[in-house]
Every structure is written in C-alpha cells, then in structure tokens.
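*Asks:* Here's a structure for you.
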Amino acid sequence: MELHPLDGYLLDGRPGKAEAIAAALRERSPDPRAQPFYRALETVGARAADEALLALRLVLGGKPAEDAAIVEAREARARAKAGEPGARDAYLRSVGSIGR
C-alpha cells in the first residue's frame with residue numbers, strides 16, 4: 001500500500017515535512033473542508049504544527065477533523081513511531097483512506 005506523503009512524513013519522516021506539504025498542495029482535494037488547511041499550509045508552510053497535518057489527513061480520509069479524532073490519530077501515530085505492533089494499521093484506520 002502506497003502511503004500518502006503526509007502519512008509518510010507523519011509516520012516515518014519520509015518525505016520531509018516541507019516535501020509532504022508541497023505534495024499535499026499539488027494534489028489538492030476538492031473537499032470544502034480541506035480548503036482552510038490548504039490556505040494555512042500555503043501561508044505557514046513547514047512551520048505548520050504536525051497536529052494540523054493530522055487534521056488535514058483526517059479530512060482527506062473522509063473523516064471529521066474533530067478533537068477526538070485528532071487525538072486518536074495522534075496517539076496511534078505515537079505508538080507506530082515507537083514500533084508498537086499493529087499501530088501503523090491502527091493509525092491508517094484512524095485517518096481513513098484517500099481515494100486516488
């Protein structure tokens with residue numbers, strides 16, 4: 001399964017943050033909920049908080065960028081980065097899949 005560049009950055013640090021943001025801006029979703037995130041990323045670029053990237057990733061995956069969902073994704077990401085078995089799958093389930 002090919003990871004979205006935001007997932008690659010958030011889980012593995014590859015691509016780098018600036019590259020992941022640039023990729024997200026190049027391949028914009030038409031979803032109206034994503035548009036404020038794109039405007040913010042255009043303005044702040046790599047200074048954007050990882051939590052903002054998680055929120056955008058949730059929207060791209062068809063999920064609401066609500067606090068509980070962001071917390072769930074953040075916790076799954078932390079477990080995945082720590083190498084916990086099954087945590088990468090939990091992260092990917094928490095953020096949803098992007099239709100390409």
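Ligands are numbered from 1 in the order shown, chains are lettered A, B, ... in the order of the structure tokens, and residues start at 1 in each chain.
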Find the residues near segment 78-88 of chain A: any atom within 10 Å, counting only C-alpha atoms, skip ones fewer than 2 places away on the same chain, and give them as a PyMOL selection string.
*Replies:* chain A and resi 7+10-13+72-76+90-94
*Asks:* Save the residues we just selected, N, CA and C atoms, as a PDB file, in the first residue's frame?
*Replies:*
ATOM      1  N   ASP A   7       1.196  10.872   5.323  1.00  0.00           N
ATOM      2  CA  ASP A   7       1.391   9.695   6.174  1.00  0.00           C
ATOM      3  C   ASP A   7       2.865   9.328   6.262  1.00  0.00           C
ATOM      4  N   LEU A  10       4.402  11.802   8.623  1.00  0.00           N
ATOM      5  CA  LEU A  10       3.926  11.651   9.995  1.00  0.00           C
ATOM      6  C   LEU A  10       4.386  10.342  10.643  1.00  0.00           C
ATOM      7  N   LEU A  11       4.513   9.287   9.851  1.00  0.00           N
ATOM      8  CA  LEU A  11       4.914   8.002  10.415  1.00  0.00           C
ATOM      9  C   LEU A  11       6.425   7.763  10.373  1.00  0.00           C
ATOM     10  N   ASP A  12       7.058   8.150   9.281  1.00  0.00           N
ATOM     11  CA  ASP A  12       8.458   7.763   9.071  1.00  0.00           C
ATOM     12  C   ASP A  12       9.427   8.929   8.878  1.00  0.00           C
ATOM     13  N   GLY A  13       8.877  10.139   8.738  1.00  0.00           N
ATOM     14  CA  GLY A  13       9.752  11.283   8.478  1.00  0.00           C
ATOM     15  C   GLY A  13      10.230  11.341   7.031  1.00  0.00           C
ATOM     16  N   GLU A  72      -7.068  10.597  18.665  1.00  0.00           N
ATOM     17  CA  GLU A  72      -6.930   9.173  18.336  1.00  0.00           C
ATOM     18  C   GLU A  72      -5.803   8.966  17.314  1.00  0.00           C
ATOM     19  N   ALA A  73      -5.798   9.781  16.262  1.00  0.00           N
ATOM     20  CA  ALA A  73      -4.755   9.660  15.235  1.00  0.00           C
ATOM     21  C   ALA A  73      -3.379   9.977  15.805  1.00  0.00           C
ATOM     22  N   ARG A  74      -3.293  10.993  16.653  1.00  0.00           N
ATOM     23  CA  ARG A  74      -2.015  11.371  17.258  1.00  0.00           C
ATOM     24  C   ARG A  74      -1.475  10.240  18.134  1.00  0.00           C
ATOM     25  N   GLU A  75      -2.359   9.620  18.916  1.00  0.00           N
ATOM     26  CA  GLU A  75      -1.931   8.519  19.781  1.00  0.00           C
ATOM     27  C   GLU A  75      -1.502   7.305  18.962  1.00  0.00           C
ATOM     28  N   ALA A  76      -2.249   6.987  17.911  1.00  0.00           N
ATOM     29  CA  ALA A  76      -1.870   5.860  17.050  1.00  0.00           C
ATOM     30  C   ALA A  76      -0.532   6.143  16.372  1.00  0.00           C
ATOM     31  N   ALA A  90      -3.461   0.712  12.919  1.00  0.00           N
ATOM     32  CA  ALA A  90      -4.404   1.490  13.726  1.00  0.00           C
ATOM     33  C   ALA A  90      -4.393   2.956  13.296  1.00  0.00           C
ATOM     34  N   TYR A  91      -3.203   3.486  13.020  1.00  0.00           N
ATOM     35  CA  TYR A  91      -3.103   4.864  12.535  1.00  0.00           C
ATOM     36  C   TYR A  91      -3.850   5.007  11.215  1.00  0.00           C
ATOM     37  N   LEU A  92      -3.583   4.107  10.273  1.00  0.00           N
ATOM     38  CA  LEU A  92      -4.208   4.198   8.950  1.00  0.00           C
ATOM     39  C   LEU A  92      -5.728   4.046   9.039  1.00  0.00           C
ATOM     40  N   ARG A  93      -6.199   3.202   9.932  1.00  0.00           N
ATOM     41  CA  ARG A  93      -7.653   3.106  10.142  1.00  0.00           C
ATOM     42  C   ARG A  93      -8.191   4.399  10.721  1.00  0.00           C
ATOM     43  N   SER A  94      -7.450   5.008  11.635  1.00  0.00           N
ATOM     44  CA  SER A  94      -7.938   6.219  12.293  1.00  0.00           C
ATOM     45  C   SER A  94      -8.038   7.398  11.340  1.00  0.00           C
TER      46      SER A  94
END
*Asks:* Can you tell me which residues surround Pro30 of chain A at a distance of at most 10 Å, considering only C-alpha atoms, apart from same-chain residues fewer than 4 positions away, and format the answer as a VMD selection string?
*Replies:* chain A and resid 34 to 35 60
*Asks:* Grab the atom CA of Leu54 of chain A to atom CA of Ile70 of chain A distance for me, in Å with one decimal place.
*Replies:* 6.5 Å
*Asks:* Quick one: pull the distance between atom CA of Ser97 of chain A and atom CA of Thr43 of chain A, Å, one decimal.
*Replies:* 26.3 Å
*Asks:* Counting only C-alpha atoms, what is within 12 Å of Arg57 of chain A, bar same-chain residues fewer than 4 positions away, as a PyMOL selection string?
*Replies:* chain A and resi 3-10+20-21+24+28-29+31+33-34+37-38+50-53+61-66+69-70+73-74+91-98
*Asks:* Any chance you can output those residues with C-alpha atoms as an mmCIF file, in the first residue's frame?
*Replies:*
data_model
loop_
_atom_site.group_PDB
_atom_site.id
_atom_site.type_symbol
_atom_site.label_atom_id
_atom_site.label_comp_id
_atom_site.auth_asym_id
_atom_site.auth_seq_id
_atom_site.Cartn_x
_atom_site.Cartn_y
_atom_site.Cartn_z
ATOM 1 C CA LEU A 3 1.333 5.941 1.721
ATOM 2 C CA HIS A 4 0.129 9.473 1.114
ATOM 3 C CA PRO A 5 3.101 11.839 1.546
ATOM 4 C CA LEU A 6 1.517 13.221 4.730
ATOM 5 C CA ASP A 7 1.391 9.695 6.174
ATOM 6 C CA GLY A 8 4.976 9.069 5.131
ATOM 7 C CA TYR A 9 6.097 12.213 6.929
ATOM 8 C CA LEU A 10 3.926 11.651 9.995
ATOM 9 C CA ALA A 20 4.933 16.320 2.240
ATOM 10 C CA ILE A 21 3.214 19.702 2.450
ATOM 11 C CA ALA A 24 -0.476 17.848 -0.477
ATOM 12 C CA ARG A 28 -5.471 19.143 -3.563
ATOM 13 C CA SER A 29 -8.749 17.555 -2.687
ATOM 14 C CA ASP A 31 -13.422 18.773 -0.426
ATOM 15 C CA ARG A 33 -13.425 21.019 4.486
ATOM 16 C CA ALA A 34 -9.818 20.785 3.258
ATOM 17 C CA PHE A 37 -5.992 23.722 5.713
ATOM 18 C CA TYR A 38 -4.551 24.315 2.254
ATOM 19 C CA ASP A 50 2.023 18.261 12.906
ATOM 20 C CA GLU A 51 -1.415 18.260 14.507
ATOM 21 C CA ALA A 52 -2.665 20.477 11.643
ATOM 22 C CA LEU A 53 -1.280 17.932 9.192
ATOM 23 C CA GLY A 61 -9.597 10.361 4.548
ATOM 24 C CA GLY A 62 -13.251 11.400 4.750
ATOM 25 C CA LYS A 63 -13.280 11.857 8.498
ATOM 26 C CA PRO A 64 -14.175 14.917 10.559
ATOM 27 C CA ALA A 65 -11.273 16.959 11.911
ATOM 28 C CA GLU A 66 -12.750 16.848 15.385
ATOM 29 C CA ALA A 69 -10.407 12.047 16.002
ATOM 30 C CA ILE A 70 -7.199 14.095 16.058
ATOM 31 C CA ALA A 73 -4.755 9.660 15.235
ATOM 32 C CA ARG A 74 -2.015 11.371 17.258
ATOM 33 C CA TYR A 91 -3.103 4.864 12.535
ATOM 34 C CA LEU A 92 -4.208 4.198 8.950
ATOM 35 C CA ARG A 93 -7.653 3.106 10.142
ATOM 36 C CA SER A 94 -7.938 6.219 12.293
ATOM 37 C CA VAL A 95 -7.185 8.626 9.420
ATOM 38 C CA GLY A 96 -9.199 6.794 6.756
ATOM 39 C CA SER A 97 -8.245 6.012 3.190
ATOM 40 C CA ILE A 98 -7.792 8.516 0.438
#
*Asks:* In chain A, what's helix (DSSP H, G or I) per DSSP? Answer as a PyMOL selection string?
*Replies:* chain A and resi 5-12+17-26+32-47+50-60+67-81+87-95
*Asks:* Go ahead and save the residues from that selection, with C-alpha atoms, as an mmCIF file, in the first residue's frame.
*Replies:*
data_model
loop_
_atom_site.group_PDB
_atom_site.id
_atom_site.type_symbol
_atom_site.label_atom_id
_atom_site.label_comp_id
_atom_site.auth_asym_id
_atom_site.auth_seq_id
_atom_site.Cartn_x
_atom_site.Cartn_y
_atom_site.Cartn_z
ATOM 1 C CA PRO A 5 3.101 11.839 1.546
ATOM 2 C CA LEU A 6 1.517 13.221 4.730
ATOM 3 C CA ASP A 7 1.391 9.695 6.174
ATOM 4 C CA GLY A 8 4.976 9.069 5.131
ATOM 5 C CA TYR A 9 6.097 12.213 6.929
ATOM 6 C CA LEU A 10 3.926 11.651 9.995
ATOM 7 C CA LEU A 11 4.914 8.002 10.415
ATOM 8 C CA ASP A 12 8.458 7.763 9.071
ATOM 9 C CA LYS A 17 7.777 17.883 6.201
ATOM 10 C CA ALA A 18 8.211 20.573 3.522
ATOM 11 C CA GLU A 19 8.056 17.945 0.765
ATOM 12 C CA ALA A 20 4.933 16.320 2.240
ATOM 13 C CA ILE A 21 3.214 19.702 2.450
ATOM 14 C CA ALA A 22 4.222 20.555 -1.118
ATOM 15 C CA ALA A 23 2.795 17.229 -2.319
ATOM 16 C CA ALA A 24 -0.476 17.848 -0.477
ATOM 17 C CA LEU A 25 -0.721 21.303 -2.043
ATOM 18 C CA ARG A 26 -0.010 19.912 -5.530
ATOM 19 C CA PRO A 32 -14.510 22.146 1.006
ATOM 20 C CA ARG A 33 -13.425 21.019 4.486
ATOM 21 C CA ALA A 34 -9.818 20.785 3.258
ATOM 22 C CA GLN A 35 -9.620 24.283 1.811
ATOM 23 C CA PRO A 36 -8.844 26.155 5.071
ATOM 24 C CA PHE A 37 -5.992 23.722 5.713
ATOM 25 C CA TYR A 38 -4.551 24.315 2.254
ATOM 26 C CA ARG A 39 -4.714 28.088 2.751
ATOM 27 C CA ALA A 40 -2.954 27.750 6.086
ATOM 28 C CA LEU A 41 -0.257 25.493 4.635
ATOM 29 C CA GLU A 42 0.343 27.984 1.829
ATOM 30 C CA THR A 43 0.865 30.672 4.467
ATOM 31 C CA VAL A 44 2.933 28.896 7.109
ATOM 32 C CA GLY A 45 4.464 26.009 5.152
ATOM 33 C CA ALA A 46 6.714 23.737 7.179
ATOM 34 C CA ARG A 47 6.066 25.787 10.316
ATOM 35 C CA ASP A 50 2.023 18.261 12.906
ATOM 36 C CA GLU A 51 -1.415 18.260 14.507
ATOM 37 C CA ALA A 52 -2.665 20.477 11.643
ATOM 38 C CA LEU A 53 -1.280 17.932 9.192
ATOM 39 C CA LEU A 54 -3.104 15.178 11.080
ATOM 40 C CA ALA A 55 -6.329 17.194 10.869
ATOM 41 C CA LEU A 56 -5.915 17.671 7.119
ATOM 42 C CA ARG A 57 -5.132 13.985 6.727
ATOM 43 C CA LEU A 58 -8.358 13.101 8.540
ATOM 44 C CA VAL A 59 -10.345 15.325 6.172
ATOM 45 C CA LEU A 60 -8.614 13.758 3.170
ATOM 46 C CA ASP A 67 -10.667 16.898 18.528
ATOM 47 C CA ALA A 68 -11.394 13.273 19.469
ATOM 48 C CA ALA A 69 -10.407 12.047 16.002
ATOM 49 C CA ILE A 70 -7.199 14.095 16.058
ATOM 50 C CA VAL A 71 -6.294 12.755 19.498
ATOM 51 C CA GLU A 72 -6.930 9.173 18.336
ATOM 52 C CA ALA A 73 -4.755 9.660 15.235
ATOM 53 C CA ARG A 74 -2.015 11.371 17.258
ATOM 54 C CA GLU A 75 -1.931 8.519 19.781
ATOM 55 C CA ALA A 76 -1.870 5.860 17.050
ATOM 56 C CA ARG A 77 0.938 7.774 15.334
ATOM 57 C CA ALA A 78 2.958 7.876 18.574
ATOM 58 C CA ARG A 79 2.504 4.126 19.060
ATOM 59 C CA ALA A 80 3.523 3.481 15.438
ATOM 60 C CA LYS A 81 6.630 5.644 15.771
ATOM 61 C CA ALA A 87 -0.019 0.547 15.474
ATOM 62 C CA ARG A 88 0.623 1.547 11.853
ATOM 63 C CA ASP A 89 -2.588 -0.195 10.832
ATOM 64 C CA ALA A 90 -4.404 1.490 13.726
ATOM 65 C CA TYR A 91 -3.103 4.864 12.535
ATOM 66 C CA LEU A 92 -4.208 4.198 8.950
ATOM 67 C CA ARG A 93 -7.653 3.106 10.142
ATOM 68 C CA SER A 94 -7.938 6.219 12.293
ATOM 69 C CA VAL A 95 -7.185 8.626 9.420
#
